[in-house]
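Here is work-v8.txt, consisting of compact mmCIF, C-alpha atoms:
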```txt
# COMPACT_ATOMS: atom_id res chain seq x y z
CA MET T 226 11.48 -28.46 -14.51
CA LYS T 227 12.54 -30.13 -11.30
CA ARG T 228 12.24 -27.60 -8.49
CA ILE T 229 13.18 -29.43 -5.29
CA PRO T 230 16.50 -31.22 -4.66
CA ILE T 231 16.33 -34.98 -4.13
CA ILE T 232 17.30 -34.53 -0.46
CA LEU T 233 14.10 -32.59 0.11
CA ALA T 234 12.01 -35.37 -1.33
CA ILE T 235 13.69 -37.77 1.11
CA LEU T 236 13.14 -35.38 4.00
CA LEU T 237 9.50 -34.96 3.04
CA ALA T 238 9.01 -38.72 3.10
CA MET T 239 10.64 -38.91 6.55
CA LEU T 240 8.48 -36.09 7.86
CA SER T 241 5.32 -37.70 6.48
CA ALA T 242 6.23 -40.88 8.30
CA ILE T 243 6.26 -39.07 11.64
CA GLY T 244 3.10 -37.13 10.94
CA CYS T 245 4.47 -33.68 10.10
CA GLY T 246 1.69 -31.36 8.92
CA GLY T 247 -1.04 -33.90 9.61
CA SER T 248 -4.63 -33.30 10.63
CA ASP T 249 -3.66 -32.59 14.25
CA SER T 250 -1.63 -29.54 13.18
CA PRO T 251 -3.04 -26.10 13.96
CA ALA T 252 -5.09 -24.50 11.18
CA ASN T 253 -2.70 -21.55 11.14
CA PRO T 254 0.87 -22.11 12.39
CA ALA T 255 2.37 -19.60 14.74
CA ASP T 256 3.59 -16.34 13.24
CA THR T 257 7.38 -16.50 13.62
CA SER T 258 7.98 -13.02 12.27
CA THR T 259 9.33 -10.13 14.21
CA ASP T 260 7.11 -7.15 14.97
CA PRO T 261 7.04 -4.73 12.05
CA ASP T 262 8.96 -1.66 13.05
CA THR T 263 10.56 -0.33 9.88
CA THR T 264 8.03 -0.90 7.10
CA SER T 265 4.98 1.30 6.80
CA ILE T 266 1.66 -0.37 6.08
CA PRO T 267 -0.03 1.18 3.01
CA GLU T 268 -3.56 2.46 3.44
CA SER T 269 -4.53 0.80 0.16
CA PHE T 270 -3.03 -0.46 -3.05
CA PRO T 271 -3.05 1.83 -6.09
CA GLY T 272 -5.63 -0.30 -7.86
CA GLU T 273 -6.38 -3.52 -9.65
CA VAL T 274 -3.71 -4.99 -11.92
CA ARG T 275 -4.55 -5.56 -15.57
CA PHE T 276 -2.29 -7.26 -18.12
CA THR T 277 -2.58 -5.99 -21.68
CA THR T 278 -0.75 -6.43 -24.98
CA SER T 279 0.95 -3.11 -24.20
CA GLY T 280 2.18 -4.30 -20.80
CA THR T 281 0.79 -4.06 -17.28
CA GLU T 282 -1.63 -1.39 -16.09
CA ILE T 283 -2.93 -0.28 -12.72
CA ASN T 284 -6.03 1.91 -12.95
CA GLY T 285 -5.24 2.35 -16.64
CA VAL T 286 -1.76 3.69 -15.92
CA PRO T 287 1.11 1.76 -17.60
CA THR T 288 3.07 0.03 -14.87
CA ARG T 289 5.80 -2.60 -14.93
CA LEU T 290 5.73 -4.83 -11.88
CA ARG T 291 8.96 -6.63 -11.00
CA GLY T 292 9.58 -9.10 -8.26
CA MET T 293 10.44 -12.66 -7.36
CA ASN T 294 9.14 -16.11 -6.62
CA MET T 295 9.07 -17.12 -2.98
CA VAL T 296 9.51 -20.58 -1.45
CA ASP T 297 6.29 -22.54 -0.92
CA PRO T 298 5.05 -21.17 2.43
CA ILE T 299 3.32 -24.44 3.36
CA ALA T 300 6.70 -26.17 3.34
CA GLN T 301 8.13 -23.33 5.42
CA ALA T 302 5.29 -23.52 7.94
CA THR T 303 5.10 -27.28 8.37
CA TRP T 304 8.47 -28.92 7.73
CA GLY T 305 10.39 -27.42 10.65
CA LEU T 306 13.50 -27.28 8.42
CA PRO T 307 14.32 -23.59 7.92
CA GLU T 308 17.83 -24.51 6.73
CA GLU T 309 16.17 -26.15 3.71
CA VAL T 310 13.16 -23.96 2.93
CA GLY T 311 13.84 -20.75 4.82
CA PRO T 312 11.85 -19.07 7.57
CA TYR T 313 8.09 -18.98 7.75
CA SER T 314 8.02 -15.34 8.77
CA ARG T 315 6.98 -11.85 7.82
CA SER T 316 10.68 -10.92 7.76
CA TYR T 317 11.22 -13.17 4.71
CA TYR T 318 8.67 -11.15 2.74
CA GLU T 319 10.02 -7.93 4.21
CA GLU T 320 13.44 -8.82 2.84
CA ALA T 321 11.97 -9.30 -0.63
CA ARG T 322 10.43 -5.84 -0.34
CA THR T 323 13.75 -4.42 0.84
CA TRP T 324 15.38 -5.80 -2.30
CA GLY T 325 12.88 -3.76 -4.30
CA ALA T 326 10.23 -6.35 -5.16
CA GLU T 327 6.82 -4.93 -6.02
CA ILE T 328 5.19 -8.31 -6.59
CA VAL T 329 5.75 -11.85 -5.33
CA ARG T 330 4.68 -15.11 -6.94
CA ILE T 331 3.83 -17.66 -4.26
CA PRO T 332 4.01 -21.31 -5.39
CA ILE T 333 1.69 -23.81 -3.72
CA HIS T 334 2.66 -27.43 -4.44
CA PRO T 335 -0.32 -29.82 -4.64
CA GLU T 336 1.24 -32.46 -2.39
CA PHE T 337 1.91 -29.96 0.40
CA TRP T 338 -1.50 -28.32 0.06
CA ARG T 339 -3.53 -31.54 0.35
CA GLU T 340 -1.69 -32.74 3.48
CA ASP T 341 -3.94 -30.55 5.63
CA ILE T 342 -6.15 -28.29 3.53
CA ALA T 343 -7.47 -26.19 6.42
CA GLN T 344 -3.94 -25.53 7.63
CA SER T 345 -2.74 -24.81 4.10
CA MET T 346 -5.45 -22.23 3.53
CA GLY T 347 -4.47 -20.60 6.82
CA VAL T 348 -0.83 -20.40 5.73
CA MET T 349 -1.85 -18.91 2.40
CA ARG T 350 -4.00 -16.32 4.17
CA GLN T 351 -1.11 -15.38 6.44
CA VAL T 352 1.44 -14.79 3.68
CA VAL T 353 -1.08 -12.88 1.58
CA ASP T 354 -1.76 -10.65 4.59
CA TRP T 355 1.97 -10.13 5.23
CA SER T 356 2.35 -9.15 1.59
CA ALA T 357 -0.48 -6.64 1.92
CA GLU T 358 1.13 -5.09 4.98
CA LEU T 359 4.38 -4.67 3.06
CA GLY T 360 2.86 -3.22 -0.10
CA LEU T 361 3.51 -6.30 -2.25
CA TYR T 362 1.21 -7.44 -5.00
CA VAL T 363 0.72 -11.22 -5.06
CA ILE T 364 0.33 -14.01 -7.58
CA LEU T 365 -0.95 -17.28 -6.10
CA ASP T 366 0.44 -20.12 -8.20
CA PHE T 367 -0.87 -23.72 -8.22
CA HIS T 368 2.49 -25.41 -8.73
CA GLY T 369 1.65 -28.49 -10.75
CA ILE T 370 3.98 -29.73 -13.51
CA GLY T 371 2.64 -32.06 -16.17
CA MET T 372 -0.64 -32.37 -18.07
CA LEU T 373 -4.03 -32.86 -16.47
CA HIS T 374 -5.62 -34.65 -19.41
CA GLN T 375 -2.81 -37.23 -19.42
CA GLY T 376 -2.68 -37.66 -15.66
CA ARG T 377 1.11 -37.64 -15.80
CA PHE T 378 3.23 -35.26 -13.72
CA GLU T 379 6.91 -34.54 -13.20
CA GLU T 380 7.32 -35.65 -9.59
CA ALA T 381 5.35 -36.35 -6.42
CA VAL T 382 5.18 -32.78 -5.12
CA THR T 383 3.78 -31.49 -8.44
CA THR T 384 1.31 -34.37 -9.01
CA THR T 385 -2.39 -33.56 -8.89
CA SER T 386 -5.73 -34.43 -10.48
CA THR T 387 -8.42 -32.49 -12.27
CA ALA T 388 -10.69 -32.78 -9.21
CA GLU T 389 -8.01 -31.43 -6.86
CA PHE T 390 -7.05 -28.67 -9.32
CA LEU T 391 -10.67 -27.45 -9.43
CA GLU T 392 -11.13 -27.74 -5.67
CA PHE T 393 -7.97 -25.74 -5.03
CA TRP T 394 -9.28 -22.91 -7.16
CA ARG T 395 -12.78 -23.09 -5.70
CA LEU T 396 -11.46 -22.65 -2.17
CA THR T 397 -8.79 -20.13 -3.14
CA SER T 398 -11.18 -17.92 -5.11
CA ILE T 399 -13.63 -17.91 -2.19
CA GLU T 400 -10.91 -16.99 0.31
CA PHE T 401 -9.16 -14.27 -1.69
CA ALA T 402 -11.88 -12.71 -3.83
CA ASP T 403 -11.81 -9.44 -1.87
CA ASP T 404 -8.03 -9.00 -1.62
CA ASP T 405 -7.25 -6.09 -3.92
CA HIS T 406 -3.49 -6.75 -3.89
CA ILE T 407 -3.89 -10.19 -5.51
CA ALA T 408 -2.57 -9.30 -8.95
CA ALA T 409 -3.45 -12.67 -10.47
CA TYR T 410 -4.15 -16.33 -9.95
CA GLY T 411 -1.49 -18.50 -11.63
CA LEU T 412 -3.70 -21.31 -12.87
CA PHE T 413 -1.15 -24.13 -13.26
CA ASN T 414 2.60 -23.74 -13.05
CA GLU T 415 3.87 -25.67 -16.06
CA GLN T 416 2.04 -27.64 -18.72
CA VAL T 417 4.30 -30.18 -20.43
CA ASN T 418 3.57 -33.39 -22.31
CA LEU T 419 6.00 -35.67 -20.50
CA ASN T 420 5.34 -38.41 -23.04
CA SER T 421 6.81 -36.15 -25.71
CA PRO T 422 8.45 -33.16 -23.97
CA ASP T 423 10.23 -31.84 -27.05
CA THR T 424 7.01 -31.23 -28.96
CA THR T 425 3.97 -29.01 -28.61
CA THR T 426 0.82 -29.96 -30.49
CA ALA T 427 -2.53 -28.36 -31.16
CA ALA T 428 -4.19 -31.35 -29.48
CA ASP T 429 -2.26 -30.74 -26.25
CA TRP T 430 -3.03 -27.03 -26.31
CA LEU T 431 -6.74 -27.59 -26.92
CA ALA T 432 -6.90 -30.14 -24.09
CA TRP T 433 -5.18 -27.70 -21.71
CA LYS T 434 -7.38 -24.86 -22.97
CA ALA T 435 -10.51 -26.86 -22.06
CA ASP T 436 -9.17 -27.68 -18.56
CA ALA T 437 -8.15 -24.06 -18.04
CA GLU T 438 -11.53 -22.68 -19.06
CA THR T 439 -13.29 -25.11 -16.70
CA ALA T 440 -11.12 -23.90 -13.81
CA ILE T 441 -11.64 -20.26 -14.79
CA ASP T 442 -15.41 -20.79 -14.61
CA VAL T 443 -14.98 -22.21 -11.09
CA ILE T 444 -12.98 -19.12 -10.10
CA ARG T 445 -15.41 -16.69 -11.71
CA ALA T 446 -18.29 -18.10 -9.69
CA ASN T 447 -16.58 -16.53 -6.67
CA ASP T 448 -14.23 -13.86 -8.01
CA SER T 449 -15.24 -11.91 -11.08
CA GLY T 450 -12.37 -9.45 -11.23
CA THR T 451 -8.93 -10.94 -10.50
CA ALA T 452 -6.73 -11.59 -13.52
CA ILE T 453 -5.96 -15.22 -14.30
CA LEU T 454 -2.61 -16.34 -15.74
CA VAL T 455 -2.62 -19.32 -18.11
CA GLY T 456 0.72 -20.90 -18.96
CA GLY T 457 1.81 -22.06 -22.39
CA LEU T 458 3.10 -25.53 -23.26
CA HIS T 459 6.65 -26.92 -22.89
CA TRP T 460 7.03 -25.94 -19.23
CA SER T 461 5.00 -22.74 -19.78
CA TYR T 462 7.33 -21.47 -22.47
CA ASP T 463 5.61 -21.86 -25.83
CA LEU T 464 2.53 -19.72 -26.54
CA SER T 465 2.62 -20.03 -30.32
CA LEU T 466 -0.46 -22.27 -30.42
CA ALA T 467 -2.47 -19.91 -28.22
CA VAL T 468 -2.54 -17.24 -30.92
CA ALA T 469 -5.01 -19.17 -33.07
CA HIS T 470 -6.83 -20.67 -30.07
CA PRO T 471 -6.80 -18.14 -27.20
CA ILE T 472 -8.51 -18.74 -23.87
CA GLU T 473 -12.13 -17.69 -24.35
CA ARG T 474 -12.73 -15.99 -21.03
CA ASP T 475 -12.40 -12.45 -19.63
CA TYR T 476 -9.44 -10.95 -17.70
CA ILE T 477 -6.94 -13.52 -18.96
CA ALA T 478 -3.18 -13.14 -19.39
CA TYR T 479 -0.53 -15.70 -20.23
CA ASP T 480 2.36 -16.90 -18.06
CA VAL T 481 5.73 -17.72 -19.63
CA HIS T 482 8.97 -19.10 -18.17
CA VAL T 483 12.22 -18.10 -19.88
CA TYR T 484 15.41 -19.99 -19.02
CA PRO T 485 18.85 -20.26 -20.66
CA PHE T 486 18.00 -23.52 -22.44
CA THR T 487 14.58 -22.49 -23.82
CA PRO T 488 15.92 -21.11 -27.14
CA ASP T 489 17.03 -24.68 -27.94
CA PHE T 490 13.33 -25.46 -28.39
CA LYS T 491 12.12 -22.27 -30.07
CA SER T 492 13.46 -18.76 -30.09
CA TRP T 493 12.14 -16.39 -27.46
CA GLU T 494 10.63 -14.31 -30.22
CA GLU T 495 8.79 -17.23 -31.82
CA ALA T 496 7.51 -18.71 -28.56
CA ILE T 497 6.70 -15.46 -26.74
CA GLY T 498 7.50 -12.26 -28.60
CA GLU T 499 5.31 -12.82 -31.63
CA PRO T 500 2.35 -14.12 -29.55
CA SER T 501 2.62 -10.97 -27.38
CA ARG T 502 1.30 -8.93 -30.31
CA THR T 503 -2.18 -10.31 -29.58
CA LEU T 504 -1.86 -11.89 -26.12
CA PRO T 505 -1.12 -10.13 -22.79
CA ILE T 506 1.92 -11.82 -21.23
CA PHE T 507 3.58 -11.97 -17.80
CA VAL T 508 6.97 -13.62 -17.23
CA GLY T 509 6.40 -15.78 -14.17
CA GLU T 510 9.88 -17.31 -14.05
CA TRP T 511 13.39 -16.60 -15.30
CA GLY T 512 16.83 -17.13 -13.85
CA TRP T 513 20.14 -18.95 -14.10
CA ASP T 514 22.94 -20.63 -12.23
CA VAL T 515 26.45 -21.66 -13.26
CA THR T 516 25.98 -25.43 -13.21
CA GLY T 517 23.11 -27.88 -13.57
CA LEU T 518 19.68 -27.47 -15.13
CA TYR T 519 19.79 -23.67 -15.42
CA ASP T 520 23.42 -23.25 -16.48
CA GLU T 521 23.87 -19.90 -18.22
CA LEU T 522 26.29 -21.58 -20.62
CA ASP T 523 23.28 -23.24 -22.26
CA PHE T 524 22.49 -19.76 -23.58
CA GLY T 525 25.94 -18.44 -24.45
CA GLU T 526 29.05 -17.06 -22.83
CA PRO T 527 29.14 -16.31 -19.07
CA GLY T 528 27.26 -13.11 -18.31
CA GLU T 529 25.20 -13.07 -21.52
CA TYR T 530 21.87 -14.59 -20.43
CA GLY T 531 20.93 -12.09 -17.68
CA PRO T 532 21.27 -8.92 -19.78
CA ALA T 533 19.68 -10.68 -22.77
CA VAL T 534 16.55 -11.80 -20.92
CA ILE T 535 16.15 -8.37 -19.32
CA ALA T 536 16.50 -6.70 -22.73
CA PHE T 537 13.91 -9.09 -24.17
CA MET T 538 11.42 -8.41 -21.36
CA ASN T 539 12.03 -4.66 -21.52
CA SER T 540 11.51 -4.58 -25.27
CA HIS T 541 8.03 -6.07 -24.80
CA ASN T 542 7.15 -4.21 -21.56
CA PHE T 543 6.68 -7.49 -19.70
CA SER T 544 6.28 -7.51 -15.94
CA TRP T 545 8.13 -10.37 -14.24
CA THR T 546 8.99 -12.43 -11.18
CA ALA T 547 12.42 -14.09 -11.10
CA TRP T 548 12.81 -17.64 -9.75
CA VAL T 549 13.61 -18.09 -6.79
CA PHE T 550 14.23 -16.25 -3.48
CA SER T 551 15.92 -19.25 -1.87
CA ALA T 552 19.27 -20.46 -0.59
CA VAL T 553 18.51 -24.07 -1.65
CA TRP T 554 15.97 -24.26 -4.48
CA ASP T 555 17.49 -23.57 -7.89
CA PRO T 556 18.26 -21.31 -9.57
CA ARG T 557 18.80 -19.67 -6.18
CA MET T 558 19.17 -15.95 -5.51
CA LEU T 559 20.62 -16.45 -2.03
CA THR T 560 23.88 -17.89 -0.74
CA ASP T 561 22.41 -18.41 2.74
CA TRP T 562 19.33 -17.59 4.84
CA ASP T 563 21.02 -14.41 6.05
CA TYR T 564 20.14 -13.14 2.55
CA GLY T 565 23.56 -13.04 1.00
CA ALA T 566 23.16 -12.78 -2.77
CA THR T 567 24.45 -15.12 -5.46
CA ASP T 568 25.58 -13.52 -8.71
CA PHE T 569 22.06 -14.14 -10.03
CA GLY T 570 20.54 -12.65 -6.89
CA ALA T 571 22.75 -9.57 -7.09
CA PHE T 572 21.71 -9.12 -10.72
CA VAL T 573 18.00 -9.35 -9.80
CA ARG T 574 18.46 -6.92 -6.92
CA SER T 575 20.16 -4.42 -9.22
CA GLU T 576 17.28 -4.69 -11.70
CA LEU T 577 14.69 -4.25 -8.96
CA ALA T 578 16.52 -1.15 -7.74
CA LYS T 579 15.92 0.51 -11.11
CA GLY T 580 12.19 0.74 -10.39
CA GLN T 581 9.77 1.80 -13.10
```
Give the structure from the file, written as structure tokens.
Amino acid sequence: MKRIPIILAILLAMLSAIGCGGSDSPANPADTSTDPDTTSIPESFPGEVRFTTSGTEINGVPTRLRGMNMVDPIAQATWGLPEEVGPYSRSYYEEARTWGAEIVRIPIHPEFWREDIAQSMGVMRQVVDWSAELGLYVILDFHGIGMLHQGRFEEAVTTTSTAEFLEFWRLTSIEFADDDHIAAYGLFNEQVNLNSPDTTTAADWLAWKADAETAIDVIRANDSGTAILVGGLHWSYDLSLAVAHPIERDYIAYDVHVYPFTPDFKSWEEAIGEPSRTLPIFVGEWGWDVTGLYDELDFGEPGEYGPAVIAFMNSHNFSWTAWVFSAVWDPRMLTDWDYGATDFGAFVRSELAKGQ
């Protein structure tokens, strides 16, 4: 699904023309956060996250992690447009923690990452460290949209290549292998056959399975223990084909994205619920707005989708991260960068407040 408004694509092109984020940029942009004075820094995290068919566990103890997707921190650090992407600051992550998030999913768009790889890795290190200080588990998500074996992708910011995909995970697994609050690596945001988006085929799944297993081997050469999330087909919604052909590697879970329109393709139960009997699943994205691509009316009457998706996730003990903690990217949780909440944001905050 399209993540960034057209105006941002135009702004990105303008910034590229004047050299924003180029090779002369510092490897790690200045920390614009305020000094931490209200949030205690944990001595250590409770333990390593494991995703199972019974739910999520930490040190063998059943645990449901709930949180949110953040804005791509590389955009925040390099664009100089906080009114569009929000602040590159510790306070942004602190606000997510204040809302009750226990885990954050951090999307890294291929186009932003490759602009200056050394700088990008520095930005990723900074936000992972901020998250550690605040007691947040982290999922690092390579935010491609399309299919590697076809070489076709949804838009410029989500376009990549097999070589870049593997290099991203080689460098990332080297850098973050020892960070015990990395809950998982999100291998590839959304697999979708853009030549035939309304279908999912065994051939597409087997092609993605082969690419995923190659990347997992690259990661495992450096990091033997962190869980790896592999998305289904149809924008990471449909896992039905993975049941007969699961990923043949250790410490694997499956990432699904559940929006108001997804039942038009297959029911939640067929695409996700039934596969969860044999596959460990994490819900990496869900959310709604009142107009546009994520309109809750695509699901039913106003107010029906939110309670329904929560009930579905609760019934299967899924951990989740809602999309997205932004005042611009949709479906947005914020009305502004002073952290006012949309109806969707207020709903997420109320769910986070419920805790375990």
Mind listing whatever residues come within 8 Å of the point (-5.1, -22.4, -12.1)? Use only C-alpha atoms, file coordinates, and give them as number ranges by chain. T: 366-367, 390-391, 394, 410-414, 437, 440-441, 453-455
Return the single residue from T:Thr516, T:Thr567, T:Ser501, T:Thr277 that is closest to His541 in chain T, with distances computed using all atoms listed in the file.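 Distance minimum relative to His541 in chain T lands on T:Ser501.
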Provide the CA of Ser551 in chain T to CA of Val296 in chain T distance in Å, to one decimal place.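 Going from CA of Ser551 in chain T over to CA of Val296 in chain T covers 6.6 Å.
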Counting only C-alpha atoms, select every polymer residue within 9 Å of (1.7, -29.2, -5.2) as defined in the file's coordinates, and provide the selection as a list of chain:residue names.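 Output of the proximity query reads T:Pro332, T:Ile333, T:His334, T:Pro335, T:Glu336, T:Phe337, T:Trp338, T:Arg339, T:Phe367, T:His368, T:Gly369, T:Ile370, T:Ala381, T:Val382, T:Thr383, T:Thr384, T:Thr385.
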What is the CA of Ala571 in chain T-CA of Met558 in chain T distance in Å, reported with one decimal?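 Atom-to-atom, CA of Ala571 in chain T and CA of Met558 in chain T are spaced 7.5 Å apart.
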May I have the residues within 9 Å of Ala467 in chain T as number ranges by chain, using all atoms listed in the file and disregarding those fewer than 5 positions away in the same chain? T: 427, 430-431, 434, 457, 472, 500, 504
Which residue of T:Asp341, T:Glu499, T:Asp404, T:Glu327 approaches Val353 in chain T most closely, using only C-alpha atoms: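 That would be T:Asp404, the residue with the smallest distance to Val353 in chain T.
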Restricting the calculation to only C-alpha atoms, which member of T:Thr288, T:Thr281, T:Ser465, T:Asn294 is positioned closest to Trp548 in chain T? T:Asn294
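Among the candidate residues T:Ser421, T:Glu319, T:Pro312, T:Ser449, the one lying nearest to Ser398 in chain T is T:Ser449, with distances computed using only C-alpha atoms.
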Between CA of Leu290 in chain T and CA of Asp354 in chain T, what distance in Å does the model show, to one decimal?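 We find that CA of Leu290 in chain T and CA of Asp354 in chain T lie 19.0 Å from each other.
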Have a look at T:Phe270, T:Tyr318, T:Tyr519, T:Trp562 and name the one nearest to Ile283 in chain T; count all atoms listed in the file.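 Checking each of T:Phe270, T:Tyr318, T:Tyr519, T:Trp562 against Ile283 in chain T, counting all atoms listed in the file, the winner is T:Phe270.
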If we count only C-alpha atoms and set the cut-off at 8 Å, which residues sit around Met293 in chain T, ignoring sequence neighbours fewer than 3 positions away in its own chain? Please answer as a PDB file with C-alpha atoms, in the frame of the given file.
```
ATOM      1  CA  ALA T 321      11.970  -9.300  -0.630  1.00  0.00           C
ATOM      2  CA  ALA T 326      10.230  -6.350  -5.160  1.00  0.00           C
ATOM      3  CA  ILE T 328       5.190  -8.310  -6.590  1.00  0.00           C
ATOM      4  CA  VAL T 329       5.750 -11.850  -5.330  1.00  0.00           C
ATOM      5  CA  ARG T 330       4.680 -15.110  -6.940  1.00  0.00           C
ATOM      6  CA  TRP T 545       8.130 -10.370 -14.240  1.00  0.00           C
ATOM      7  CA  THR T 546       8.990 -12.430 -11.180  1.00  0.00           C
ATOM      8  CA  ALA T 547      12.420 -14.090 -11.100  1.00  0.00           C
ATOM      9  CA  TRP T 548      12.810 -17.640  -9.750  1.00  0.00           C
ATOM     10  CA  VAL T 549      13.610 -18.090  -6.790  1.00  0.00           C
ATOM     11  CA  PHE T 550      14.230 -16.250  -3.480  1.00  0.00           C
TER      12      PHE T 550
END
```
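Among T:Gly325, T:Glu379, T:Pro271, T:Gly498, the residue with the shortest atom-to-atom distance to Leu577 in chain T, counting all atoms listed in the file, is T:Gly325.
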Could you name the residues that touch Thr323 in chain T at 10 Å or less, counting all atoms listed in the file, but leaving out those on the same chain fewer than 5 positions away, as number ranges by chain? T: 264, 316-318, 359, 574, 577-578
Keeping only C-alpha atoms, write the selected residues to a file as a tab-separated table (two decimals), in the coordinates of the input.
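Dumped to again.tsv:
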```tsv
chain	number	residue	atom	x	y	z
T	264	THR	CA	8.03	-0.90	7.10
T	316	SER	CA	10.68	-10.92	7.76
T	317	TYR	CA	11.22	-13.17	4.71
T	318	TYR	CA	8.67	-11.15	2.74
T	359	LEU	CA	4.38	-4.67	3.06
T	574	ARG	CA	18.46	-6.92	-6.92
T	577	LEU	CA	14.69	-4.25	-8.96
T	578	ALA	CA	16.52	-1.15	-7.74
```
Just want the 12 Å neighbourhood of Ala552 in chain T, counted on all atoms listed in the file, with same-chain residues fewer than 4 positions away dropped. Output as a tab-separated table (two decimals) with C-alpha atoms, keeping the file's coordinate frame.
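Output contents, as saved in selection.tsv:
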```tsv
chain	number	residue	atom	x	y	z
T	229	ILE	CA	13.18	-29.43	-5.29
T	230	PRO	CA	16.50	-31.22	-4.66
T	295	MET	CA	9.07	-17.12	-2.98
T	296	VAL	CA	9.51	-20.58	-1.45
T	307	PRO	CA	14.32	-23.59	7.92
T	308	GLU	CA	17.83	-24.51	6.73
T	309	GLU	CA	16.17	-26.15	3.71
T	310	VAL	CA	13.16	-23.96	2.93
T	311	GLY	CA	13.84	-20.75	4.82
T	312	PRO	CA	11.85	-19.07	7.57
T	548	TRP	CA	12.81	-17.64	-9.75
T	556	PRO	CA	18.26	-21.31	-9.57
T	557	ARG	CA	18.80	-19.67	-6.18
T	558	MET	CA	19.17	-15.95	-5.51
T	559	LEU	CA	20.62	-16.45	-2.03
T	560	THR	CA	23.88	-17.89	-0.74
T	561	ASP	CA	22.41	-18.41	2.74
T	562	TRP	CA	19.33	-17.59	4.84
T	563	ASP	CA	21.02	-14.41	6.05
T	564	TYR	CA	20.14	-13.14	2.55
T	565	GLY	CA	23.56	-13.04	1.00
T	566	ALA	CA	23.16	-12.78	-2.77
T	567	THR	CA	24.45	-15.12	-5.46
T	569	PHE	CA	22.06	-14.14	-10.03
T	570	GLY	CA	20.54	-12.65	-6.89
```
Leaving out Asp429 in chain T and any residue of its chain fewer than 2 positions from it, which residues lie within 9 Å of it when counting all atoms listed in the file, given as a list in words? Met372, His374, Val417, Asn418, Thr425, Thr426, Ala427, Leu431, Ala432, Trp433, Lys434 and Leu458 of chain T
